[in-house]
file model39.txt (compact mmCIF, C-alpha atoms)
# COMPACT_ATOMS: atom_id res chain seq x y z
CA MET I 218 -26.80 -26.46 1.04
CA LYS I 219 -25.56 -24.71 4.15
CA GLN I 220 -23.45 -26.55 6.68
CA LEU I 221 -23.68 -26.10 10.46
CA LEU I 222 -20.18 -25.28 11.70
CA GLY I 223 -20.97 -25.04 15.39
CA ILE I 224 -23.08 -23.71 18.24
CA PHE I 225 -21.82 -20.65 20.12
CA PRO I 226 -23.24 -18.60 23.03
CA LEU I 227 -24.55 -15.10 22.42
CA ARG I 228 -25.58 -12.91 25.35
CA ASN I 229 -29.12 -11.61 25.18
CA LEU I 230 -28.77 -8.13 26.65
CA HIS I 231 -32.50 -7.89 27.34
CA THR I 232 -32.62 -10.99 29.55
CA GLY I 233 -28.99 -11.25 30.60
CA GLU I 234 -29.05 -14.91 29.58
CA TYR I 235 -26.86 -16.68 27.03
CA GLU I 236 -28.58 -18.24 24.01
CA ASP I 237 -27.29 -20.80 21.51
CA ALA I 238 -26.37 -19.26 18.15
CA GLU I 239 -25.75 -21.39 15.07
CA LEU I 240 -22.83 -20.64 12.76
CA TYR I 241 -23.32 -21.70 9.14
CA MET I 242 -21.54 -21.59 5.80
CA PRO I 243 -22.45 -20.44 3.23
CA ILE I 244 -25.02 -17.61 3.44
CA ASP I 245 -28.29 -19.01 2.08
CA GLY I 246 -31.55 -17.67 0.69
CA GLN I 247 -33.19 -17.37 4.10
CA ASN I 248 -30.32 -15.24 5.39
CA VAL I 249 -30.72 -12.96 2.38
CA GLU I 250 -34.47 -12.76 3.00
CA ASP I 251 -33.82 -11.86 6.63
CA PHE I 252 -31.55 -9.05 5.48
CA GLU I 253 -34.06 -7.74 2.94
CA THR I 254 -37.17 -7.99 5.12
CA ARG I 255 -35.83 -7.47 8.65
CA TRP I 256 -32.50 -5.61 8.47
CA ARG I 257 -32.90 -3.32 5.48
CA PRO I 258 -36.18 -1.61 6.54
CA LEU I 259 -34.60 -0.72 9.88
CA LEU I 260 -31.39 0.53 8.26
CA ASP I 261 -33.31 2.62 5.71
CA GLU I 262 -35.61 4.07 8.37
CA ARG I 263 -32.68 4.95 10.64
CA LYS I 264 -30.85 6.58 7.74
CA ALA I 265 -33.91 8.64 6.78
CA ASN I 266 -34.43 9.87 10.32
CA LEU I 267 -30.95 10.78 11.53
CA ALA I 268 -30.99 13.46 14.22
CA PRO I 269 -29.12 16.68 13.37
CA HIS I 270 -26.20 15.71 15.60
CA GLU I 271 -25.94 12.19 14.08
CA THR I 272 -24.00 10.82 11.12
CA THR I 273 -24.19 7.48 9.34
CA ALA I 274 -20.99 6.60 11.23
CA SER I 275 -22.35 7.48 14.68
CA ALA I 276 -25.59 5.62 13.87
CA ASN I 277 -23.51 2.63 12.73
CA ILE I 278 -25.23 2.31 9.35
CA GLN I 279 -22.42 2.95 6.85
CA ASP I 280 -22.97 -0.54 5.45
CA ALA I 281 -26.70 0.03 4.70
CA HIS I 282 -26.05 -0.01 0.92
CA TRP I 283 -24.28 -3.36 0.83
CA LYS I 284 -25.90 -5.73 -1.68
CA TRP I 285 -26.01 -9.06 0.14
CA ARG I 286 -28.54 -10.59 -2.28
CA GLU I 287 -26.52 -9.81 -5.40
CA LYS I 288 -23.23 -10.82 -3.88
CA THR I 289 -24.63 -14.08 -2.54
CA ALA I 290 -26.04 -14.92 -5.98
CA THR I 291 -22.75 -14.29 -7.79
CA ARG I 292 -20.27 -15.60 -5.23
CA ASN I 293 -21.68 -18.75 -3.71
CA ASN I 294 -20.32 -21.06 -6.42
CA ARG I 295 -16.88 -19.48 -6.50
CA MET I 296 -13.82 -20.80 -4.73
CA ASP I 297 -12.26 -17.38 -4.18
CA TYR I 298 -15.02 -16.47 -1.73
CA ALA I 299 -16.58 -18.10 1.33
CA SER I 300 -19.54 -16.86 3.33
CA PHE I 301 -20.86 -17.36 6.84
CA SER I 302 -24.01 -16.55 8.80
CA VAL I 303 -24.96 -16.45 12.48
CA GLU I 304 -28.53 -17.37 13.37
CA CYS I 305 -30.13 -16.94 16.78
CA GLY I 306 -33.57 -16.14 18.14
CA GLY I 307 -35.21 -17.30 14.92
CA THR I 308 -33.43 -14.96 12.53
CA THR I 309 -30.08 -13.95 11.03
CA GLN I 310 -27.88 -12.02 13.45
CA GLY I 311 -24.70 -11.70 11.38
CA LEU I 312 -23.34 -12.11 7.85
CA MET I 313 -19.80 -12.29 6.44
CA PHE I 314 -18.06 -12.74 3.11
CA VAL I 315 -14.34 -13.54 3.02
CA ARG I 316 -11.98 -13.80 0.04
CA THR I 317 -9.38 -16.56 -0.10
CA ILE I 318 -6.80 -15.40 -2.67
CA ASP I 319 -5.26 -12.34 -1.03
CA PHE I 320 -1.73 -11.67 0.17
CA ALA I 321 -0.54 -10.01 3.37
CA ARG I 322 0.92 -6.48 3.34
CA GLU I 323 2.23 -6.15 6.90
CA SER I 324 6.04 -6.36 6.86
CA SER I 325 6.42 -9.40 9.13
CA GLN I 326 4.15 -11.50 6.89
CA LEU I 327 4.53 -9.75 3.54
CA ASN I 328 3.10 -11.72 0.59
CA GLN I 329 1.91 -14.63 2.73
CA PHE I 330 -1.61 -15.87 2.08
CA LEU I 331 -4.37 -14.51 4.28
CA ILE I 332 -8.14 -14.46 4.49
CA TYR I 333 -9.51 -11.08 3.46
CA VAL I 334 -12.74 -10.11 5.24
CA ASP I 335 -14.68 -8.49 2.41
CA LEU I 336 -18.01 -7.78 4.12
CA VAL I 337 -19.07 -8.33 7.71
CA SER I 338 -22.25 -7.03 9.35
CA THR I 339 -24.31 -7.64 12.43
CA ALA I 340 -28.08 -7.13 12.54
CA PRO I 341 -29.01 -3.49 13.19
CA TRP I 342 -30.69 -4.29 16.53
CA ASN I 343 -27.33 -5.54 17.84
CA ARG I 344 -25.37 -2.40 17.03
CA PRO I 345 -24.16 0.24 19.45
CA GLY I 346 -25.01 3.65 18.03
CA PHE I 347 -27.96 2.25 16.11
CA THR I 348 -29.95 1.59 19.26
CA ASP I 349 -29.61 2.08 23.01
CA ASN I 350 -31.41 -1.21 23.57
CA ARG I 351 -29.23 -3.78 21.79
CA LEU I 352 -30.43 -7.39 21.68
CA TYR I 353 -27.36 -9.64 21.31
CA SER I 354 -23.71 -8.93 22.02
CA GLY I 355 -20.87 -10.97 20.58
CA VAL I 356 -21.92 -11.39 16.93
CA GLY I 357 -19.04 -9.34 15.52
CA PRO I 358 -16.37 -11.07 17.63
CA LEU I 359 -17.83 -14.46 16.68
CA LEU I 360 -17.61 -13.66 12.97
CA LEU I 361 -14.08 -12.27 13.24
CA GLY I 362 -13.07 -15.40 15.16
CA THR I 363 -14.66 -17.44 12.39
CA ALA I 364 -12.50 -15.67 9.80
CA ILE I 365 -9.41 -16.44 11.91
CA ASN I 366 -10.35 -20.09 12.30
CA PHE I 367 -11.09 -20.33 8.57
CA SER I 368 -7.62 -18.88 7.93
CA ILE I 369 -6.09 -21.53 10.20
CA ASP I 370 -8.14 -24.23 8.43
CA GLN I 371 -6.75 -23.05 5.08
CA GLY I 372 -3.16 -23.23 6.37
CA PHE I 373 -2.79 -19.43 6.67
CA ASP I 374 -1.98 -19.45 10.41
CA GLY I 375 -4.88 -17.17 11.33
CA ARG I 376 -3.75 -14.23 9.20
CA ILE I 377 -6.64 -11.98 8.13
CA GLY I 378 -6.94 -8.55 6.51
CA LEU I 379 -9.75 -6.08 5.94
CA HIS I 380 -10.66 -2.52 5.01
CA SER I 381 -12.64 -0.87 7.79
CA LEU I 382 -15.50 1.56 7.53
CA PRO I 383 -14.72 4.64 9.65
CA GLN I 384 -17.42 3.59 12.14
CA SER I 385 -15.51 0.37 12.92
CA GLU I 386 -11.87 1.49 12.92
CA SER I 387 -11.54 1.80 16.69
CA TRP I 388 -13.07 -1.65 17.19
CA TYR I 389 -10.53 -3.35 14.92
CA ARG I 390 -7.63 -1.30 16.28
CA ASP I 391 -8.37 -1.18 20.00
CA GLN I 392 -10.57 -4.19 20.70
CA CYS I 393 -9.28 -6.69 18.14
CA ARG I 394 -5.68 -5.42 18.34
CA MET I 395 -5.21 -5.57 14.58
CA THR I 396 -2.35 -3.65 12.95
CA ASP I 397 -3.54 -0.39 11.32
CA LEU I 398 -1.70 0.07 8.02
CA GLY I 399 -3.44 3.38 7.37
CA PRO I 400 -5.57 4.72 4.51
CA ASP I 401 -5.36 2.66 1.32
CA ALA I 402 -5.06 4.99 -1.66
CA ASN I 403 -6.03 2.14 -4.00
CA TYR I 404 -9.33 1.40 -2.22
CA PRO I 405 -12.62 3.31 -2.63
CA ASN I 406 -12.91 6.20 -0.16
CA ASN I 407 -9.34 5.49 0.98
CA LEU I 408 -10.58 3.21 3.74
CA CYS I 409 -8.02 2.18 6.35
CA TYR I 410 -6.52 -1.27 5.89
CA PHE I 411 -6.02 -3.52 8.93
CA GLU I 412 -4.20 -6.79 9.24
CA MET I 413 -3.98 -9.45 11.94
CA THR I 414 -0.74 -11.39 12.21
CA ALA I 415 -0.58 -15.04 13.20
CA ALA I 416 0.51 -14.01 16.70
CA GLN I 417 -2.30 -11.46 17.02
CA ALA I 418 -4.77 -14.08 15.77
CA HIS I 419 -3.55 -16.57 18.36
CA THR I 420 -4.04 -13.98 21.09
CA TYR I 421 -7.52 -13.11 19.79
CA ILE I 422 -8.86 -16.64 19.81
CA THR I 423 -7.27 -17.68 23.09
CA THR I 424 -8.30 -14.70 25.25
CA MET D 40 -14.94 -27.31 6.72
CA THR D 41 -15.97 -29.10 3.52
CA THR D 42 -15.71 -32.70 2.32
CA LYS D 43 -12.40 -33.41 0.59
CA ARG D 44 -11.63 -35.80 -2.28
CA THR D 45 -8.25 -37.29 -3.14
CA MET D 46 -6.52 -37.37 -6.53
CA THR D 47 -3.08 -38.27 -7.86
CA LEU D 48 -1.20 -35.45 -9.55
CA ASN D 49 1.58 -36.31 -12.02
CA LEU D 50 4.15 -33.52 -12.26
CA SER D 51 7.54 -33.22 -13.94
CA ALA D 52 10.60 -32.76 -11.75
CA GLN D 53 10.64 -29.07 -12.63
CA GLU D 54 6.97 -28.63 -11.86
CA MET D 55 7.38 -30.41 -8.54
CA ALA D 56 10.41 -28.27 -7.68
CA VAL D 57 8.43 -25.10 -8.36
CA LEU D 58 5.48 -26.42 -6.35
CA GLU D 59 7.73 -27.28 -3.40
CA ARG D 60 9.56 -23.95 -3.53
CA LEU D 61 6.40 -21.84 -3.72
CA ALA D 62 4.68 -23.86 -1.01
CA SER D 63 7.70 -23.38 1.24
CA GLU D 64 7.89 -19.65 0.50
CA LYS D 65 4.19 -19.16 1.17
CA GLY D 66 4.19 -21.36 4.27
CA VAL D 67 1.45 -23.70 3.04
CA SER D 68 1.30 -27.36 2.05
CA LYS D 69 1.64 -28.42 -1.60
CA THR D 70 -2.08 -29.22 -1.57
CA GLY D 71 -2.75 -25.77 -0.15
CA LEU D 72 -0.71 -24.12 -2.89
CA VAL D 73 -2.53 -26.03 -5.65
CA ARG D 74 -5.83 -25.03 -4.03
CA GLN D 75 -4.80 -21.36 -4.03
CA ALA D 76 -3.69 -21.59 -7.66
CA LEU D 77 -7.06 -23.06 -8.61
CA ARG D 78 -8.96 -20.36 -6.73
CA LEU D 79 -6.90 -17.63 -8.36
CA TYR D 80 -7.28 -19.15 -11.83
CA GLN D 81 -11.05 -19.40 -11.39
CA SER D 82 -11.23 -15.81 -10.15
CA VAL D 83 -9.15 -14.49 -13.06
CA THR D 84 -11.06 -16.56 -15.62
CA GLU D 85 -14.40 -15.33 -14.31
CA ARG D 86 -13.30 -11.70 -14.60
CA LEU D 87 -11.93 -12.22 -18.11
CA ASP D 88 -15.18 -13.93 -19.10
CA ARG D 89 -17.01 -10.77 -17.97
CA GLY D 90 -14.82 -8.71 -20.28
CA ASP D 91 -12.34 -7.45 -17.69
CA LYS D 92 -8.62 -7.32 -18.48
CA LEU D 93 -5.72 -8.46 -16.30
CA PHE D 94 -2.67 -6.19 -15.91
CA VAL D 95 0.56 -6.19 -13.98
CA GLU D 96 2.05 -2.84 -13.00
CA ASP D 97 5.66 -1.89 -12.41
CA ALA D 98 5.33 0.25 -9.29
CA GLU D 99 8.53 2.20 -9.96
CA LYS D 100 8.15 2.81 -13.69
CA GLU D 101 4.35 3.02 -13.50
CA GLU D 102 4.21 0.79 -16.56
CA LYS D 103 1.28 -1.56 -17.08
CA ALA D 104 1.32 -4.74 -19.13
CA GLU D 105 -1.70 -6.82 -19.98
CA ILE D 106 -1.52 -10.54 -19.18
CA MET D 107 -3.11 -12.88 -21.68
CA VAL D 108 -4.62 -15.92 -19.95
CA LEU D 109 -5.50 -19.13 -21.77
call {"tool": "encode", "arguments": {"input": "model39.txt", "output": "structure tokens"}}
result
Amino acid sequence: MKQLLGIFPLRNLHTGEYEDAELYMPIDGQNVEDFETRWRPLLDERKANLAPHETTASANIQDAHWKWREKTATRNNRMDYASFSVECGGTTQGLMFVRTIDFARESSQLNQFLIYVDLVSTAPWNRPGFTDNRLYSGVGPLLLGTAINFSIDQGFDGRIGLHSLPQSESWYRDQCRMTDLGPDANYPNNLCYFEMTAAQAHTYITT
Amino acid sequence: MTTKRTMTLNLSAQEMAVLERLASEKGVSKTGLVRQALRLYQSVTERLDRGDKLFVEDAEKEEKAEIMVL
């Protein structure tokens, strides 16, 4: 059964008002249903109708193939994974899986435990690039902050790591101030690996 | 973030020394280290149960050795 972790404000860009969003763990069946019935049709339609000048990266849909239903079914009883959802406005606005058994690669924290952000997505209607009329802002930062706080809760001092899709690299590097350790030759598609140190995590959650 | 339960763990002096050393090296509590060991063991066991194999690789010699897990 999912547990309410807290209430956080999300800005509704249509009204300019802040609304209460609920942060839960773990991802539950309703979140998966929201993905399948509300997110996926929009992602598939956007992918099928890309303009000639657009790419899946510029349209912010490189995660459209992620299998949230299957992963939720196989991971929710395991201790090496944890999952989180953000709900607001009557539906799921964000989803995240993290892994708990990984080790840091950045030299200042080499081989220390960290929380590895395996999958993180915000609803398509919240994404720049996907639409010019986004609904909520702040879902991604809330989920990344959740990963940091989970890391602190586990005794890992806020350390997190992740592989970024090309569409998100600049956000992790320039907005989140994570350390870019470059393309990972041992990861599919050589995605770039990013890590947040304890100091960077402290800065992130206090500013 | 989840409800915790308490148990007593009886370890030999050597086991306790290893636990204390690893916890210190990893910067976590002894409870935290045991928790990580349990997570890792469950993860490895689940993969082995699916038919996967576990290897360690010598990065310099590029040699791989399979680890047998009980």
call {"tool": "interface_residues", "arguments": {"input": "model39.txt", "of": "chain I", "to": "chain D", "cutoff": "7 Å", "atoms": "all atoms listed in the file", "output": "ChimeraX atom specification"}}
result
/I:296-297,318,329-330,372
call {"tool": "atom_distance", "arguments": {"input": "model39.txt", "atom1": "atom CA of I:Thr363", "atom2": "atom CA of I:Thr289"}}
result
18.3 Å
call {"tool": "atom_distance", "arguments": {"input": "model39.txt", "atom1": "atom CA of I:Ser338", "atom2": "atom CA of D:Arg89"}}
result
28.1 Å
call {"tool": "axis_aligned_box", "arguments": {"input": "model39.txt", "around": "stretch 83-102 of chain D", "padding_each_side": "4 Å", "output": "JSON"}}
result
{"center_x": -4.2, "center_y": -6.8, "center_z": -14.8, "size_x": 33.5, "size_y": 27.6, "size_z": 19.0}
call {"tool": "atom_distance", "arguments": {"input": "model39.txt", "atom1": "atom CA of I:Asp237", "atom2": "atom CA of I:Ser302"}}
result
13.8 Å
call {"tool": "residues_around", "arguments": {"input": "model39.txt", "residues": "I:Met395", "least_positions_apart": "5", "cutoff": "10 Å", "atoms": "all atoms listed in the file", "output": "PyMOL selection string"}}
result
chain I and resi 377-379+386-390+410-414+417-418+421
call {"tool": "closest_residue", "arguments": {"input": "model39.txt", "among": "I:Phe347, I:Trp342, I:Tyr333, I:Phe252", "to": "I:Leu312", "atoms": "only C-alpha atoms"}}
result
I:Phe252
call {"tool": "residues_near_point", "arguments": {"input": "model39.txt", "point": "(-16.2, -15.7, 6.2)", "cutoff": "9 Å", "atoms": "only C-alpha atoms", "output": "PDB file with C-alpha atoms, keeping the file's coordinate frame"}}
result
ATOM      1  CA  MET I 242     -21.540 -21.590   5.800  1.00  0.00           C
ATOM      2  CA  PRO I 243     -22.450 -20.440   3.230  1.00  0.00           C
ATOM      3  CA  TYR I 298     -15.020 -16.470  -1.730  1.00  0.00           C
ATOM      4  CA  ALA I 299     -16.580 -18.100   1.330  1.00  0.00           C
ATOM      5  CA  SER I 300     -19.540 -16.860   3.330  1.00  0.00           C
ATOM      6  CA  PHE I 301     -20.860 -17.360   6.840  1.00  0.00           C
ATOM      7  CA  SER I 302     -24.010 -16.550   8.800  1.00  0.00           C
ATOM      8  CA  LEU I 312     -23.340 -12.110   7.850  1.00  0.00           C
ATOM      9  CA  MET I 313     -19.800 -12.290   6.440  1.00  0.00           C
ATOM     10  CA  PHE I 314     -18.060 -12.740   3.110  1.00  0.00           C
ATOM     11  CA  VAL I 315     -14.340 -13.540   3.020  1.00  0.00           C
ATOM     12  CA  ARG I 316     -11.980 -13.800   0.040  1.00  0.00           C
ATOM     13  CA  ILE I 332      -8.140 -14.460   4.490  1.00  0.00           C
ATOM     14  CA  TYR I 333      -9.510 -11.080   3.460  1.00  0.00           C
ATOM     15  CA  VAL I 334     -12.740 -10.110   5.240  1.00  0.00           C
ATOM     16  CA  ASP I 335     -14.680  -8.490   2.410  1.00  0.00           C
ATOM     17  CA  LEU I 336     -18.010  -7.780   4.120  1.00  0.00           C
ATOM     18  CA  VAL I 337     -19.070  -8.330   7.710  1.00  0.00           C
ATOM     19  CA  LEU I 360     -17.610 -13.660  12.970  1.00  0.00           C
ATOM     20  CA  LEU I 361     -14.080 -12.270  13.240  1.00  0.00           C
ATOM     21  CA  THR I 363     -14.660 -17.440  12.390  1.00  0.00           C
ATOM     22  CA  ALA I 364     -12.500 -15.670   9.800  1.00  0.00           C
ATOM     23  CA  ILE I 365      -9.410 -16.440  11.910  1.00  0.00           C
ATOM     24  CA  PHE I 367     -11.090 -20.330   8.570  1.00  0.00           C
TER      25      PHE I 367
END
call {"tool": "residues_around", "arguments": {"input": "model39.txt", "residues": "I:Thr254", "least_positions_apart": "6", "cutoff": "12 Å", "atoms": "only C-alpha atoms", "output": "list in words"}}
result
Gln247, Asn248, Leu260, Asp261, Arg286, Thr308, Thr309 and Ala340 of chain I
call {"tool": "write_last_selection", "arguments": {"input": "model39.txt", "atoms": "C-alpha atoms", "output": "compact mmCIF listing (two decimals), in the frame of the given file"}}
result
# COMPACT_ATOMS: atom_id res chain seq x y z
CA GLN I 247 -33.19 -17.37 4.10
CA ASN I 248 -30.32 -15.24 5.39
CA LEU I 260 -31.39 0.53 8.26
CA ASP I 261 -33.31 2.62 5.71
CA ARG I 286 -28.54 -10.59 -2.28
CA THR I 308 -33.43 -14.96 12.53
CA THR I 309 -30.08 -13.95 11.03
CA ALA I 340 -28.08 -7.13 12.54
call {"tool": "residues_near_point", "arguments": {"input": "model39.txt", "point": "(-34.9, -21.2, 16.4)", "cutoff": "10 Å", "atoms": "all atoms listed in the file", "output": "list of chain:residue names"}}
result
I:Asp237, I:Ala238, I:Glu239, I:Glu304, I:Cys305, I:Gly306, I:Gly307, I:Thr308
call {"tool": "residues_around", "arguments": {"input": "model39.txt", "residues": "D:Met46", "least_positions_apart": "3", "cutoff": "12 Å", "atoms": "only C-alpha atoms", "output": "list of chain:residue names"}}
result
D:Lys43, D:Asn49, D:Thr70
call {"tool": "write_last_selection", "arguments": {"input": "model39.txt", "atoms": "C-alpha atoms", "output": "mmCIF file, keeping the file's coordinate frame"}}
result
data_model
loop_
_atom_site.group_PDB
_atom_site.id
_atom_site.type_symbol
_atom_site.label_atom_id
_atom_site.label_comp_id
_atom_site.auth_asym_id
_atom_site.auth_seq_id
_atom_site.Cartn_x
_atom_site.Cartn_y
_atom_site.Cartn_z
ATOM 1 C CA LYS D 43 -12.400 -33.410 0.590
ATOM 2 C CA ASN D 49 1.580 -36.310 -12.020
ATOM 3 C CA THR D 70 -2.080 -29.220 -1.570
#
call {"tool": "closest_residue", "arguments": {"input": "model39.txt", "among": "D:Ala98, D:Val73, D:Gly90, D:Ile106", "to": "D:Glu59", "atoms": "all atoms listed in the file"}}
result
D:Val73
call {"tool": "closest_residue", "arguments": {"input": "model39.txt", "among": "I:Ile244, I:Asn366, I:Thr272, I:Leu259", "to": "I:Thr291", "atoms": "only C-alpha atoms"}}
result
I:Ile244
call {"tool": "closest_residue", "arguments": {"input": "model39.txt", "among": "I:Pro341, I:Pro400, I:Gly246, I:Gly311", "to": "I:Asn277", "atoms": "only C-alpha atoms"}}
result
I:Pro341
call {"tool": "decode", "arguments": {"input": "model39.txt", "residues": "chain D", "atoms": "C-alpha atoms", "output": "mmCIF file, in the first residue's frame"}}
result
data_model
loop_
_atom_site.group_PDB
_atom_site.id
_atom_site.type_symbol
_atom_site.label_atom_id
_atom_site.label_comp_id
_atom_site.auth_asym_id
_atom_site.auth_seq_id
_atom_site.Cartn_x
_atom_site.Cartn_y
_atom_site.Cartn_z
ATOM 1 C CA MET D 40 10.265 6.370 5.253
ATOM 2 C CA THR D 41 9.075 2.903 6.293
ATOM 3 C CA THR D 42 8.295 1.293 9.650
ATOM 4 C CA LYS D 43 11.370 -0.273 11.245
ATOM 5 C CA ARG D 44 11.642 -3.345 13.474
ATOM 6 C CA THR D 45 14.438 -4.136 15.912
ATOM 7 C CA MET D 46 16.414 -7.379 16.244
ATOM 8 C CA THR D 47 19.506 -8.553 18.096
ATOM 9 C CA LEU D 48 22.367 -9.746 15.913
ATOM 10 C CA ASN D 49 24.972 -12.098 17.408
ATOM 11 C CA LEU D 50 28.313 -11.801 15.615
ATOM 12 C CA SER D 51 31.784 -13.176 16.298
ATOM 13 C CA ALA D 52 34.565 -10.730 17.080
ATOM 14 C CA GLN D 53 35.888 -11.144 13.550
ATOM 15 C CA GLU D 54 32.487 -10.595 11.991
ATOM 16 C CA MET D 55 31.939 -7.496 14.116
ATOM 17 C CA ALA D 56 35.381 -6.164 13.185
ATOM 18 C CA VAL D 57 34.612 -6.581 9.496
ATOM 19 C CA LEU D 58 31.197 -4.975 9.939
ATOM 20 C CA GLU D 59 32.713 -1.998 11.769
ATOM 21 C CA ARG D 60 35.518 -1.577 9.233
ATOM 22 C CA LEU D 61 33.240 -1.738 6.193
ATOM 23 C CA ALA D 62 30.675 0.573 7.770
ATOM 24 C CA SER D 63 33.424 3.074 8.534
ATOM 25 C CA GLU D 64 34.885 2.824 5.020
ATOM 26 C CA LYS D 65 31.483 3.281 3.403
ATOM 27 C CA GLY D 66 30.440 6.075 5.755
ATOM 28 C CA VAL D 67 27.252 4.366 6.938
ATOM 29 C CA SER D 68 26.044 2.920 10.228
ATOM 30 C CA LYS D 69 26.416 -0.795 10.992
ATOM 31 C CA THR D 70 22.660 -1.138 10.517
ATOM 32 C CA GLY D 71 22.976 0.643 7.190
ATOM 33 C CA LEU D 72 25.725 -1.709 6.055
ATOM 34 C CA VAL D 73 23.706 -4.808 6.993
ATOM 35 C CA ARG D 74 20.738 -3.324 5.117
ATOM 36 C CA GLN D 75 22.883 -2.796 2.010
ATOM 37 C CA ALA D 76 24.257 -6.335 2.255
ATOM 38 C CA LEU D 77 20.714 -7.698 2.432
ATOM 39 C CA ARG D 78 19.590 -5.641 -0.560
ATOM 40 C CA LEU D 79 22.580 -6.764 -2.589
ATOM 41 C CA TYR D 80 22.112 -10.416 -1.619
ATOM 42 C CA GLN D 81 18.437 -10.289 -2.590
ATOM 43 C CA SER D 82 19.281 -8.632 -5.904
ATOM 44 C CA VAL D 83 21.980 -11.192 -6.727
ATOM 45 C CA THR D 84 19.797 -14.123 -5.651
ATOM 46 C CA GLU D 85 16.911 -12.912 -7.789
ATOM 47 C CA ARG D 86 19.138 -12.671 -10.860
ATOM 48 C CA LEU D 87 20.643 -16.111 -10.247
ATOM 49 C CA ASP D 88 17.150 -17.541 -9.813
ATOM 50 C CA ARG D 89 16.317 -16.158 -13.277
ATOM 51 C CA GLY D 90 19.285 -18.027 -14.702
ATOM 52 C CA ASP D 91 21.741 -15.126 -14.826
ATOM 53 C CA LYS D 92 25.372 -15.627 -13.794
ATOM 54 C CA LEU D 93 27.499 -13.403 -11.557
ATOM 55 C CA PHE D 94 31.049 -12.517 -12.645
ATOM 56 C CA VAL D 95 33.884 -10.370 -11.398
ATOM 57 C CA GLU D 96 36.250 -8.874 -13.960
ATOM 58 C CA ASP D 97 39.884 -7.915 -13.597
ATOM 59 C CA ALA D 98 39.921 -4.583 -15.429
ATOM 60 C CA GLU D 99 43.629 -4.774 -16.267
ATOM 61 C CA LYS D 100 43.877 -8.413 -17.313
ATOM 62 C CA GLU D 101 40.346 -8.471 -18.751
ATOM 63 C CA GLU D 102 39.828 -11.788 -16.990
ATOM 64 C CA LYS D 103 36.380 -12.806 -15.799
ATOM 65 C CA ALA D 104 35.615 -15.233 -12.987
ATOM 66 C CA GLU D 105 32.202 -16.549 -12.115
ATOM 67 C CA ILE D 106 31.096 -16.209 -8.486
ATOM 68 C CA MET D 107 29.123 -19.088 -7.045
ATOM 69 C CA VAL D 108 26.536 -17.855 -4.533
ATOM 70 C CA LEU D 109 24.882 -20.119 -1.978
#
